[in-house]
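Enquirer: Below is one structure. I have some questions about it.
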Amino acid sequence: MQNIISVRDIIKQLSKSGLQIGDKSILHYHIKNFNFNTFVYGYSDPFYVDKQNKRYDRDANSNEMINLYKFDRDMSNHILRYILVIEKIINTNVAYSIINHFDLRDKCLFKLNQTYIQEKVLPNLRDVEPRVTYSIFIKKLIKYLPSSNITKHYCKRNIYDDVLKWKECPLDIMCLTWSFATSFSIFISLPNDARISLLSNFDLSPEHYEGFIVFLKNTLHLRNYISHNNVIYNTEIACQSPSLINLYECVFNKSVSNIRLLHMMELIEHFSHSTTLVSNTRYYLSKLKVQQKFKDKIQLYEDMVNGQKTLQE
């Protein structure tokens with residue numbers, strides 16, 4: 001039976017489009033294993049001389065495209081490590097905020113009056129999830145509880161109701177299984193004073209609340225982008241707002257017209273209490289084995305170079 005997708009034909013078409021084929025076996029491997037739509041079309045932009053007609057510069061080489069791909073994957077994994085730190089901080093502090101705000105001495109959320117959750121918590125959450133109900137909200141909280149050996153200890157196996165079987169699970173343990181999206185949704189559903197109190201864990205004041213929310217939205221978007229194998233090096237930041245720009249300028253004391261990937265990386269580094277994300281990325285980008293004329297077309301490279309010049313000045 002003939003293969004519908006032929007790697008050999010794809011390589012022939014790339015050659016016809018002007019791409020010099022370097023190591024054919026390595027190119028074959030990457031197209032075969034990493035989805036040619038993502039690999040070829042996602043990493044060709046700097047090498048095109050005519051993007052509309054997908055014509056490559058006469059100096060463009062498949063080895064350089066592979067090098068750009070490897071850099072992007074390594075950078076994505078590096079960014080994700082720091083996002084996971086922020087995710088864990090948010091998970092934990094949202095749980096602590098609920099416990100303290102509602103005085104849950106036994107730390108069990110499900111012992112809160114259902115009417116209270118419906119009247120005080122859900123209205124805030126409906127700003128972003130209009131159709132959310134009490135049942136949907138609770139099921140989100142328990143969705144991944146069976147996946148953790150720590151939370152399994154609190155499961156009442158003789159009870160068949162999905163909510164009641166987890167009634168004794170403390171909130172500060174339950175939060176270990178929350179997704180970033182769930183923690184974010186709960187965060188914005190908290191009463192205003194609880195949300196503002198949580199900002200202090202990031203050394204932020206109340207006027208930074210809106211900017212921090214936009215930052216979290218972008219971080220969540222970037223996390224999902226990375227998790228679903230999207231190209232990151234040239235990604236556009238989804239949510240732009242004056243409040244986010246203000247947050248960035250207050251944190252770093254420098255002006256920007258809009259938030260790009262480098263700026264998000266700087267914010268992610270800052271709020272994960274780290275110092276190596278940007279410097280490591282700058283180093284490996286400088287060592288990227290791609291001809292300078294192609295590297296100059298990468299927005300992240302331009303931002304990194306300009307940022308380094310600013311630091312030196």
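Naming scheme: A, B, ... for chains in displayed order of the structure tokens; residues 1 onward per chain; ligands 1 onward as shown.
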Name the residues of stretch 15-184 of chain A that fall into helix (DSSP H, G or I) according to DSSP on the backbone, using the chain letters and numbers of this document, as an mmCIF file with N, CA and C atoms, in the first residue's frame.
Expert:
data_model
loop_
_atom_site.group_PDB
_atom_site.id
_atom_site.type_symbol
_atom_site.label_atom_id
_atom_site.label_comp_id
_atom_site.auth_asym_id
_atom_site.auth_seq_id
_atom_site.Cartn_x
_atom_site.Cartn_y
_atom_site.Cartn_z
ATOM 1 N N SER A 15 13.152 21.312 -1.830
ATOM 2 C CA SER A 15 14.286 21.609 -2.712
ATOM 3 C C SER A 15 13.840 22.441 -3.912
ATOM 4 N N LYS A 16 12.678 22.105 -4.477
ATOM 5 C CA LYS A 16 12.136 22.867 -5.599
ATOM 6 C C LYS A 16 11.806 24.305 -5.196
ATOM 7 N N LYS A 24 20.334 15.032 4.692
ATOM 8 C CA LYS A 24 19.014 14.537 4.291
ATOM 9 C C LYS A 24 18.429 13.569 5.319
ATOM 10 N N SER A 25 19.267 12.749 5.930
ATOM 11 C CA SER A 25 18.760 11.766 6.894
ATOM 12 C C SER A 25 18.200 12.454 8.144
ATOM 13 N N ILE A 26 18.860 13.512 8.612
ATOM 14 C CA ILE A 26 18.371 14.249 9.775
ATOM 15 C C ILE A 26 17.089 14.999 9.424
ATOM 16 N N LEU A 27 17.030 15.575 8.226
ATOM 17 C CA LEU A 27 15.810 16.253 7.786
ATOM 18 C C LEU A 27 14.662 15.270 7.689
ATOM 19 N N HIS A 28 14.926 14.098 7.134
ATOM 20 C CA HIS A 28 13.923 13.032 7.026
ATOM 21 C C HIS A 28 13.392 12.676 8.408
ATOM 22 N N TYR A 29 14.297 12.527 9.363
ATOM 23 C CA TYR A 29 13.905 12.169 10.735
ATOM 24 C C TYR A 29 12.977 13.215 11.342
ATOM 25 N N HIS A 30 13.299 14.494 11.190
ATOM 26 C CA HIS A 30 12.511 15.562 11.800
ATOM 27 C C HIS A 30 11.136 15.704 11.143
ATOM 28 N N ILE A 31 11.093 15.570 9.829
ATOM 29 C CA ILE A 31 9.798 15.658 9.143
ATOM 30 C C ILE A 31 8.913 14.474 9.542
ATOM 31 N N LYS A 32 9.512 13.303 9.632
ATOM 32 C CA LYS A 32 8.755 12.094 9.939
ATOM 33 C C LYS A 32 8.218 12.084 11.361
ATOM 34 N N ASN A 33 8.991 12.635 12.302
ATOM 35 C CA ASN A 33 8.633 12.478 13.720
ATOM 36 C C ASN A 33 8.039 13.716 14.379
ATOM 37 N N PHE A 36 5.401 17.536 9.773
ATOM 38 C CA PHE A 36 6.008 18.460 8.806
ATOM 39 C C PHE A 36 5.287 19.803 8.747
ATOM 40 N N ASN A 37 3.986 19.837 9.073
ATOM 41 C CA ASN A 37 3.268 21.119 9.062
ATOM 42 C C ASN A 37 3.841 22.070 10.095
ATOM 43 N N THR A 38 4.116 21.529 11.296
ATOM 44 C CA THR A 38 4.713 22.360 12.341
ATOM 45 C C THR A 38 6.183 22.624 12.046
ATOM 46 N N PHE A 39 6.903 21.568 11.738
ATOM 47 C CA PHE A 39 8.347 21.701 11.582
ATOM 48 C C PHE A 39 8.722 22.577 10.390
ATOM 49 N N VAL A 40 8.171 22.267 9.208
ATOM 50 C CA VAL A 40 8.560 23.001 7.999
ATOM 51 C C VAL A 40 7.969 24.398 7.981
ATOM 52 N N TYR A 41 6.658 24.496 8.112
ATOM 53 C CA TYR A 41 6.024 25.806 7.983
ATOM 54 C C TYR A 41 6.206 26.665 9.240
ATOM 55 N N GLY A 42 6.410 26.030 10.370
ATOM 56 C CA GLY A 42 6.594 26.796 11.603
ATOM 57 C C GLY A 42 7.962 27.432 11.724
ATOM 58 N N ASP A 45 9.929 30.752 8.361
ATOM 59 C CA ASP A 45 9.748 32.205 8.188
ATOM 60 C C ASP A 45 11.052 32.985 7.988
ATOM 61 N N PRO A 46 12.063 32.812 8.846
ATOM 62 C CA PRO A 46 13.279 33.626 8.660
ATOM 63 C C PRO A 46 14.027 33.301 7.368
ATOM 64 N N PHE A 47 13.739 32.138 6.798
ATOM 65 C CA PHE A 47 14.507 31.672 5.642
ATOM 66 C C PHE A 47 13.822 31.956 4.307
ATOM 67 N N SER A 62 18.525 23.460 5.148
ATOM 68 C CA SER A 62 17.660 22.685 6.050
ATOM 69 C C SER A 62 18.313 22.468 7.414
ATOM 70 N N ASN A 63 19.648 22.406 7.466
ATOM 71 C CA ASN A 63 20.324 22.220 8.753
ATOM 72 C C ASN A 63 20.051 23.390 9.694
ATOM 73 N N GLU A 64 19.990 24.607 9.138
ATOM 74 C CA GLU A 64 19.723 25.781 9.955
ATOM 75 C C GLU A 64 18.279 25.774 10.462
ATOM 76 N N MET A 65 17.365 25.292 9.618
ATOM 77 C CA MET A 65 15.975 25.178 10.046
ATOM 78 C C MET A 65 15.857 24.208 11.222
ATOM 79 N N ILE A 66 16.590 23.126 11.138
ATOM 80 C CA ILE A 66 16.600 22.142 12.228
ATOM 81 C C ILE A 66 17.202 22.757 13.490
ATOM 82 N N ASN A 67 18.262 23.541 13.345
ATOM 83 C CA ASN A 67 18.875 24.207 14.498
ATOM 84 C C ASN A 67 17.896 25.167 15.172
ATOM 85 N N LEU A 68 17.113 25.889 14.351
ATOM 86 C CA LEU A 68 16.115 26.803 14.908
ATOM 87 C C LEU A 68 15.036 26.028 15.638
ATOM 88 N N TYR A 69 14.625 24.913 15.072
ATOM 89 C CA TYR A 69 13.626 24.057 15.714
ATOM 90 C C TYR A 69 14.119 23.569 17.077
ATOM 91 N N LYS A 70 15.360 23.082 17.121
ATOM 92 C CA LYS A 70 15.909 22.570 18.382
ATOM 93 C C LYS A 70 16.014 23.676 19.427
ATOM 94 N N PHE A 71 16.448 24.858 18.992
ATOM 95 C CA PHE A 71 16.514 25.987 19.922
ATOM 96 C C PHE A 71 15.133 26.291 20.490
ATOM 97 N N ASP A 72 14.131 26.322 19.632
ATOM 98 C CA ASP A 72 12.774 26.673 20.057
ATOM 99 C C ASP A 72 12.208 25.647 21.024
ATOM 100 N N ARG A 73 12.441 24.376 20.755
ATOM 101 C CA ARG A 73 11.947 23.330 21.661
ATOM 102 C C ARG A 73 12.625 23.429 23.025
ATOM 103 N N ASP A 74 13.936 23.643 23.029
ATOM 104 C CA ASP A 74 14.654 23.761 24.304
ATOM 105 C C ASP A 74 14.187 24.994 25.075
ATOM 106 N N MET A 75 14.018 26.105 24.360
ATOM 107 C CA MET A 75 13.543 27.331 25.004
ATOM 108 C C MET A 75 12.136 27.131 25.564
ATOM 109 N N SER A 76 11.273 26.470 24.808
ATOM 110 C CA SER A 76 9.895 26.228 25.255
ATOM 111 C C SER A 76 9.870 25.410 26.540
ATOM 112 N N ASN A 77 10.681 24.356 26.566
ATOM 113 C CA ASN A 77 10.750 23.523 27.764
ATOM 114 C C ASN A 77 11.280 24.321 28.954
ATOM 115 N N HIS A 78 12.221 25.206 28.689
ATOM 116 C CA HIS A 78 12.796 26.036 29.744
ATOM 117 C C HIS A 78 11.738 27.005 30.287
ATOM 118 N N ILE A 79 10.995 27.651 29.388
ATOM 119 C CA ILE A 79 9.929 28.561 29.812
ATOM 120 C C ILE A 79 8.884 27.813 30.636
ATOM 121 N N LEU A 80 8.523 26.617 30.171
ATOM 122 C CA LEU A 80 7.491 25.839 30.862
ATOM 123 C C LEU A 80 7.898 25.510 32.290
ATOM 124 N N ARG A 81 9.175 25.242 32.515
ATOM 125 C CA ARG A 81 9.652 24.956 33.874
ATOM 126 C C ARG A 81 9.329 26.110 34.824
ATOM 127 N N TYR A 82 9.522 27.332 34.347
ATOM 128 C CA TYR A 82 9.290 28.507 35.182
ATOM 129 C C TYR A 82 7.796 28.793 35.334
ATOM 130 N N ILE A 83 7.035 28.527 34.280
ATOM 131 C CA ILE A 83 5.583 28.693 34.368
ATOM 132 C C ILE A 83 5.012 27.738 35.410
ATOM 133 N N LEU A 84 5.537 26.529 35.478
ATOM 134 C CA LEU A 84 5.057 25.552 36.450
ATOM 135 C C LEU A 84 5.317 26.018 37.879
ATOM 136 N N VAL A 85 6.401 26.759 38.073
ATOM 137 C CA VAL A 85 6.666 27.335 39.401
ATOM 138 C C VAL A 85 5.575 28.339 39.757
ATOM 139 N N ILE A 86 5.247 29.234 38.817
ATOM 140 C CA ILE A 86 4.188 30.218 39.047
ATOM 141 C C ILE A 86 2.862 29.520 39.277
ATOM 142 N N GLU A 87 2.605 28.473 38.499
ATOM 143 C CA GLU A 87 1.364 27.704 38.653
ATOM 144 C C GLU A 87 1.238 27.145 40.066
ATOM 145 N N LYS A 88 2.330 26.596 40.576
ATOM 146 C CA LYS A 88 2.293 26.018 41.926
ATOM 147 C C LYS A 88 2.101 27.105 42.983
ATOM 148 N N ILE A 89 2.724 28.267 42.783
ATOM 149 C CA ILE A 89 2.540 29.382 43.721
ATOM 150 C C ILE A 89 1.084 29.837 43.730
ATOM 151 N N ILE A 90 0.495 29.946 42.536
ATOM 152 C CA ILE A 90 -0.912 30.356 42.443
ATOM 153 C C ILE A 90 -1.820 29.315 43.085
ATOM 154 N N ASN A 91 -1.603 28.042 42.740
ATOM 155 C CA ASN A 91 -2.421 26.964 43.328
ATOM 156 C C ASN A 91 -2.437 27.052 44.847
ATOM 157 N N THR A 92 -1.244 27.113 45.412
ATOM 158 C CA THR A 92 -1.111 27.089 46.867
ATOM 159 C C THR A 92 -1.712 28.325 47.515
ATOM 160 N N ASN A 93 -1.415 29.494 46.965
ATOM 161 C CA ASN A 93 -1.873 30.724 47.593
ATOM 162 C C ASN A 93 -3.371 30.960 47.427
ATOM 163 N N VAL A 94 -3.939 30.477 46.338
ATOM 164 C CA VAL A 94 -5.398 30.549 46.188
ATOM 165 C C VAL A 94 -6.062 29.687 47.258
ATOM 166 N N ALA A 95 -5.536 28.481 47.460
ATOM 167 C CA ALA A 95 -6.093 27.602 48.493
ATOM 168 C C ALA A 95 -5.967 28.238 49.881
ATOM 169 N N TYR A 96 -4.792 28.785 50.194
ATOM 170 C CA TYR A 96 -4.597 29.428 51.487
ATOM 171 C C TYR A 96 -5.522 30.635 51.659
ATOM 172 N N SER A 97 -5.718 31.394 50.578
ATOM 173 C CA SER A 97 -6.588 32.570 50.652
ATOM 174 C C SER A 97 -8.022 32.178 50.973
ATOM 175 N N ILE A 98 -8.496 31.091 50.355
ATOM 176 C CA ILE A 98 -9.860 30.619 50.627
ATOM 177 C C ILE A 98 -9.979 30.168 52.078
ATOM 178 N N ILE A 99 -8.978 29.410 52.533
ATOM 179 C CA ILE A 99 -8.996 28.900 53.913
ATOM 180 C C ILE A 99 -9.037 30.050 54.918
ATOM 181 N N ASN A 100 -8.191 31.057 54.699
ATOM 182 C CA ASN A 100 -8.121 32.182 55.636
ATOM 183 C C ASN A 100 -9.319 33.109 55.519
ATOM 184 N N HIS A 101 -9.738 33.399 54.287
ATOM 185 C CA HIS A 101 -10.844 34.337 54.100
ATOM 186 C C HIS A 101 -12.144 33.791 54.672
ATOM 187 N N LEU A 109 -13.260 22.677 51.865
ATOM 188 C CA LEU A 109 -14.101 23.596 51.105
ATOM 189 C C LEU A 109 -15.540 23.127 51.038
ATOM 190 N N PHE A 110 -15.757 21.820 50.910
ATOM 191 C CA PHE A 110 -17.110 21.314 50.705
ATOM 192 C C PHE A 110 -17.993 21.464 51.937
ATOM 193 N N LYS A 111 -17.405 21.883 53.065
ATOM 194 C CA LYS A 111 -18.212 22.143 54.256
ATOM 195 C C LYS A 111 -18.709 23.583 54.289
ATOM 196 N N GLN A 114 -23.401 25.644 50.584
ATOM 197 C CA GLN A 114 -23.549 25.687 49.124
ATOM 198 C C GLN A 114 -24.140 27.007 48.659
ATOM 199 N N THR A 115 -25.072 27.534 49.414
ATOM 200 C CA THR A 115 -25.702 28.804 49.050
ATOM 201 C C THR A 115 -24.674 29.925 49.032
ATOM 202 N N TYR A 116 -23.740 29.885 49.991
ATOM 203 C CA TYR A 116 -22.706 30.923 50.055
ATOM 204 C C TYR A 116 -21.856 30.907 48.779
ATOM 205 N N ILE A 117 -21.444 29.705 48.340
ATOM 206 C CA ILE A 117 -20.642 29.594 47.124
ATOM 207 C C ILE A 117 -21.425 30.116 45.927
ATOM 208 N N GLN A 118 -22.706 29.757 45.866
ATOM 209 C CA GLN A 118 -23.536 30.186 44.734
ATOM 210 C C GLN A 118 -23.731 31.703 44.697
ATOM 211 N N GLU A 119 -23.860 32.304 45.883
ATOM 212 C CA GLU A 119 -24.183 33.731 45.939
ATOM 213 C C GLU A 119 -22.953 34.637 45.999
ATOM 214 N N LYS A 120 -21.843 34.144 46.557
ATOM 215 C CA LYS A 120 -20.680 35.004 46.789
ATOM 216 C C LYS A 120 -19.494 34.700 45.869
ATOM 217 N N VAL A 121 -19.358 33.440 45.448
ATOM 218 C CA VAL A 121 -18.202 33.046 44.663
ATOM 219 C C VAL A 121 -18.518 33.018 43.165
ATOM 220 N N LEU A 122 -19.567 32.326 42.791
ATOM 221 C CA LEU A 122 -19.883 32.143 41.379
ATOM 222 C C LEU A 122 -20.160 33.434 40.612
ATOM 223 N N PRO A 123 -20.813 34.453 41.220
ATOM 224 C CA PRO A 123 -21.040 35.691 40.457
ATOM 225 C C PRO A 123 -19.758 36.312 39.913
ATOM 226 N N ASN A 124 -18.674 36.265 40.685
ATOM 227 C CA ASN A 124 -17.392 36.781 40.206
ATOM 228 C C ASN A 124 -16.848 35.925 39.057
ATOM 229 N N LEU A 125 -17.001 34.610 39.193
ATOM 230 C CA LEU A 125 -16.485 33.692 38.194
ATOM 231 C C LEU A 125 -17.235 33.822 36.881
ATOM 232 N N TYR A 134 -22.848 25.713 40.121
ATOM 233 C CA TYR A 134 -22.229 25.152 41.321
ATOM 234 C C TYR A 134 -21.641 23.777 41.020
ATOM 235 N N SER A 135 -22.391 22.958 40.308
ATOM 236 C CA SER A 135 -21.941 21.606 39.986
ATOM 237 C C SER A 135 -20.678 21.620 39.133
ATOM 238 N N ILE A 136 -20.652 22.466 38.113
ATOM 239 C CA ILE A 136 -19.469 22.571 37.246
ATOM 240 C C ILE A 136 -18.262 23.048 38.041
ATOM 241 N N PHE A 137 -18.481 24.038 38.897
ATOM 242 C CA PHE A 137 -17.404 24.602 39.704
ATOM 243 C C PHE A 137 -16.785 23.544 40.603
ATOM 244 N N ILE A 138 -17.615 22.791 41.317
ATOM 245 C CA ILE A 138 -17.123 21.776 42.248
ATOM 246 C C ILE A 138 -16.424 20.644 41.496
ATOM 247 N N LYS A 139 -16.998 20.229 40.388
ATOM 248 C CA LYS A 139 -16.395 19.121 39.636
ATOM 249 C C LYS A 139 -15.035 19.493 39.064
ATOM 250 N N LYS A 140 -14.829 20.774 38.771
ATOM 251 C CA LYS A 140 -13.508 21.228 38.333
ATOM 252 C C LYS A 140 -12.472 21.021 39.437
ATOM 253 N N LEU A 141 -12.900 21.276 40.664
ATOM 254 C CA LEU A 141 -11.973 21.182 41.787
ATOM 255 C C LEU A 141 -11.550 19.745 42.069
ATOM 256 N N ILE A 142 -12.438 18.800 41.791
ATOM 257 C CA ILE A 142 -12.147 17.402 42.128
ATOM 258 C C ILE A 142 -11.710 16.572 40.925
ATOM 259 N N LEU A 145 -8.351 14.785 41.367
ATOM 260 C CA LEU A 145 -8.021 14.244 42.690
ATOM 261 C C LEU A 145 -7.622 12.765 42.645
ATOM 262 N N PRO A 146 -8.259 11.939 41.820
ATOM 263 C CA PRO A 146 -7.868 10.516 41.783
ATOM 264 C C PRO A 146 -6.459 10.290 41.238
ATOM 265 N N SER A 147 -5.856 11.309 40.625
ATOM 266 C CA SER A 147 -4.540 11.127 39.992
ATOM 267 C C SER A 147 -3.377 11.243 40.960
ATOM 268 N N ASN A 149 -1.423 10.361 44.589
ATOM 269 C CA ASN A 149 -1.334 9.416 45.710
ATOM 270 C C ASN A 149 -1.605 10.103 47.040
ATOM 271 N N ILE A 150 -1.323 11.413 47.107
ATOM 272 C CA ILE A 150 -1.544 12.160 48.344
ATOM 273 C C ILE A 150 -3.040 12.351 48.586
ATOM 274 N N THR A 151 -3.782 12.744 47.548
ATOM 275 C CA THR A 151 -5.220 13.003 47.717
ATOM 276 C C THR A 151 -6.029 11.712 47.820
ATOM 277 N N LYS A 152 -5.534 10.632 47.240
ATOM 278 C CA LYS A 152 -6.274 9.360 47.295
ATOM 279 C C LYS A 152 -6.569 8.938 48.731
ATOM 280 N N LEU A 164 -19.282 14.004 47.342
ATOM 281 C CA LEU A 164 -19.284 13.570 48.744
ATOM 282 C C LEU A 164 -18.095 12.671 49.080
ATOM 283 N N LYS A 165 -17.628 11.903 48.116
ATOM 284 C CA LYS A 165 -16.512 10.995 48.408
ATOM 285 C C LYS A 165 -15.216 11.762 48.721
ATOM 286 N N TRP A 166 -15.156 13.065 48.316
ATOM 287 C CA TRP A 166 -13.963 13.881 48.564
ATOM 288 C C TRP A 166 -14.219 14.953 49.629
ATOM 289 N N LEU A 171 -8.432 21.530 51.610
ATOM 290 C CA LEU A 171 -8.249 22.362 50.427
ATOM 291 C C LEU A 171 -6.778 22.556 50.079
ATOM 292 N N ASP A 172 -5.914 22.654 51.099
ATOM 293 C CA ASP A 172 -4.495 22.875 50.827
ATOM 294 C C ASP A 172 -3.814 21.619 50.278
ATOM 295 N N ILE A 173 -4.510 20.487 50.315
ATOM 296 C CA ILE A 173 -4.029 19.265 49.670
ATOM 297 C C ILE A 173 -4.724 19.083 48.324
ATOM 298 N N MET A 174 -6.003 19.402 48.292
ATOM 299 C CA MET A 174 -6.759 19.336 47.045
ATOM 300 C C MET A 174 -6.111 20.169 45.947
ATOM 301 N N CYS A 175 -5.562 21.317 46.313
ATOM 302 C CA CYS A 175 -5.014 22.241 45.313
ATOM 303 C C CYS A 175 -3.816 21.671 44.571
ATOM 304 N N LEU A 176 -3.210 20.604 45.118
ATOM 305 C CA LEU A 176 -2.061 19.984 44.457
ATOM 306 C C LEU A 176 -2.433 19.431 43.086
ATOM 307 N N THR A 177 -3.721 19.152 42.879
ATOM 308 C CA THR A 177 -4.153 18.539 41.622
ATOM 309 C C THR A 177 -4.829 19.531 40.674
ATOM 310 N N PHE A 180 -3.696 24.904 36.081
ATOM 311 C CA PHE A 180 -3.466 26.344 36.110
ATOM 312 C C PHE A 180 -4.771 27.084 35.807
ATOM 313 N N ALA A 181 -5.525 26.572 34.830
ATOM 314 C CA ALA A 181 -6.785 27.213 34.448
ATOM 315 C C ALA A 181 -7.777 27.220 35.600
ATOM 316 N N THR A 182 -7.830 26.116 36.354
ATOM 317 C CA THR A 182 -8.743 26.034 37.496
ATOM 318 C C THR A 182 -8.335 27.017 38.580
ATOM 319 N N SER A 183 -7.045 27.063 38.895
ATOM 320 C CA SER A 183 -6.571 27.986 39.935
ATOM 321 C C SER A 183 -6.822 29.436 39.537
ATOM 322 N N PHE A 184 -6.596 29.737 38.259
ATOM 323 C CA PHE A 184 -6.833 31.098 37.773
ATOM 324 C C PHE A 184 -8.310 31.460 37.897
#
Enquirer: Grab the atom CA of A:Tyr154 to atom CA of A:Trp178 distance for me, in Å with one decimal place.
Expert: 15.9 Å
Enquirer: If we count only C-alpha atoms, what is near stretch 228-245 of chain A at a cut-off of 8 Å, once residues fewer than 5 positions away on the same chain are taken out, given as a list of chain:residue names?
Expert: A:Thr38, A:Gly42, A:Tyr43, A:Asp72, A:Ser76, A:His208, A:Glu210, A:Gly211, A:Phe212, A:Val214, A:Phe215, A:Lys217, A:Asn218, A:His221, A:Val256, A:Ser257, A:Asn258, A:Ile259, A:Arg260, A:Leu261, A:Ile298, A:Gln299, A:Leu300
Enquirer: Taking N, CA, C and O atoms for each residue, export the selection above as a CSV table (one decimal), in the first residue's frame.
Expert:
chain,number,residue,atom,x,y,z
A,38,THR,N,4.1,21.5,11.3
A,38,THR,CA,4.7,22.4,12.3
A,38,THR,C,6.2,22.6,12.0
A,38,THR,O,6.6,23.8,12.1
A,42,GLY,N,6.4,26.0,10.4
A,42,GLY,CA,6.6,26.8,11.6
A,42,GLY,C,8.0,27.4,11.7
A,42,GLY,O,8.1,28.4,12.4
A,43,TYR,N,9.0,26.8,11.1
A,43,TYR,CA,10.3,27.3,11.2
A,43,TYR,C,11.0,27.8,9.9
A,43,TYR,O,12.2,28.0,9.9
A,72,ASP,N,14.1,26.3,19.6
A,72,ASP,CA,12.8,26.7,20.1
A,72,ASP,C,12.2,25.6,21.0
A,72,ASP,O,11.6,26.0,22.0
A,76,SER,N,11.3,26.5,24.8
A,76,SER,CA,9.9,26.2,25.3
A,76,SER,C,9.9,25.4,26.5
A,76,SER,O,9.1,25.7,27.5
A,208,HIS,N,-1.9,47.1,40.8
A,208,HIS,CA,-1.4,46.2,39.8
A,208,HIS,C,-2.3,45.0,39.5
A,208,HIS,O,-1.9,44.1,38.7
A,210,GLU,N,-5.2,44.5,37.8
A,210,GLU,CA,-5.6,44.2,36.5
A,210,GLU,C,-4.4,43.8,35.6
A,210,GLU,O,-4.6,42.9,34.8
A,211,GLY,N,-3.3,44.4,35.8
A,211,GLY,CA,-2.1,44.0,35.0
A,211,GLY,C,-1.7,42.6,35.3
A,211,GLY,O,-1.3,41.8,34.4
A,212,PHE,N,-1.7,42.2,36.6
A,212,PHE,CA,-1.3,40.8,37.0
A,212,PHE,C,-2.3,39.8,36.4
A,212,PHE,O,-1.9,38.7,36.0
A,214,VAL,N,-3.9,40.1,33.5
A,214,VAL,CA,-3.6,40.0,32.1
A,214,VAL,C,-2.3,39.2,32.0
A,214,VAL,O,-2.2,38.3,31.0
A,215,PHE,N,-1.4,39.4,32.9
A,215,PHE,CA,-0.1,38.6,32.8
A,215,PHE,C,-0.4,37.1,33.0
A,215,PHE,O,0.1,36.2,32.3
A,217,LYS,N,-3.3,35.6,32.3
A,217,LYS,CA,-3.9,35.1,31.1
A,217,LYS,C,-2.9,34.7,30.0
A,217,LYS,O,-3.0,33.7,29.4
A,218,ASN,N,-1.9,35.6,29.8
A,218,ASN,CA,-0.9,35.4,28.8
A,218,ASN,C,0.0,34.2,29.2
A,218,ASN,O,0.4,33.4,28.3
A,221,HIS,N,-2.0,31.1,28.4
A,221,HIS,CA,-2.0,30.9,27.0
A,221,HIS,C,-0.7,30.4,26.5
A,221,HIS,O,-0.6,29.5,25.7
A,256,VAL,N,8.0,50.4,27.5
A,256,VAL,CA,7.8,49.5,26.3
A,256,VAL,C,6.5,50.0,25.6
A,256,VAL,O,5.6,50.6,26.3
A,257,SER,N,6.3,49.8,24.3
A,257,SER,CA,5.1,50.2,23.6
A,257,SER,C,4.1,49.1,23.6
A,257,SER,O,2.9,49.3,23.6
A,258,ASN,N,4.6,47.8,23.6
A,258,ASN,CA,3.7,46.7,23.7
A,258,ASN,C,4.5,45.5,24.3
A,258,ASN,O,5.7,45.6,24.3
A,259,ILE,N,3.8,44.5,24.7
A,259,ILE,CA,4.5,43.3,25.4
A,259,ILE,C,4.8,42.3,24.4
A,259,ILE,O,3.9,41.8,23.7
A,260,ARG,N,6.0,41.9,24.2
A,260,ARG,CA,6.4,40.8,23.3
A,260,ARG,C,6.9,39.6,24.1
A,260,ARG,O,6.9,39.7,25.4
A,261,LEU,N,7.4,38.6,23.4
A,261,LEU,CA,7.8,37.4,24.1
A,261,LEU,C,8.9,37.6,25.1
A,261,LEU,O,8.8,37.1,26.2
A,298,ILE,N,14.7,37.4,13.1
A,298,ILE,CA,13.9,36.8,14.3
A,298,ILE,C,13.7,37.9,15.3
A,298,ILE,O,14.6,38.5,15.9
A,299,GLN,N,12.4,38.2,15.6
A,299,GLN,CA,12.1,39.3,16.5
A,299,GLN,C,12.7,39.1,17.9
A,299,GLN,O,13.2,40.0,18.5
A,300,LEU,N,12.7,37.9,18.4
A,300,LEU,CA,13.2,37.6,19.7
A,300,LEU,C,14.7,37.9,19.8
A,300,LEU,O,15.2,38.5,20.7
Enquirer: Counting only C-alpha atoms, figure out which residue out of A:Asn246, A:Ser148, A:Gln13, A:Asn35 gets nearest to A:Tyr56.
Expert: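 Between A:Asn246, A:Ser148, A:Gln13, A:Asn35, the residue approaching A:Tyr56 most closely is A:Gln13.
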Enquirer: Per DSSP on the backbone, what are the strand (DSSP E) residues of stretch 31-217 of chain A, as a list in words?
Expert: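 Residues meeting the strand (DSSP E) criterion: Tyr48, Val49, Asp50, Arg55 and Tyr56 of chain A.
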Enquirer: If I take atom CA of A:Leu267 and atom CA of A:Leu247, how far is one from the other in Å, to one decimal?
Expert: 9.2 Å
Enquirer: One decimal, in Å: what's the spacing between atom CA of A:Ser272 and atom CA of A:Cys250?
Expert: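 A separation of 17.0 Å between them.
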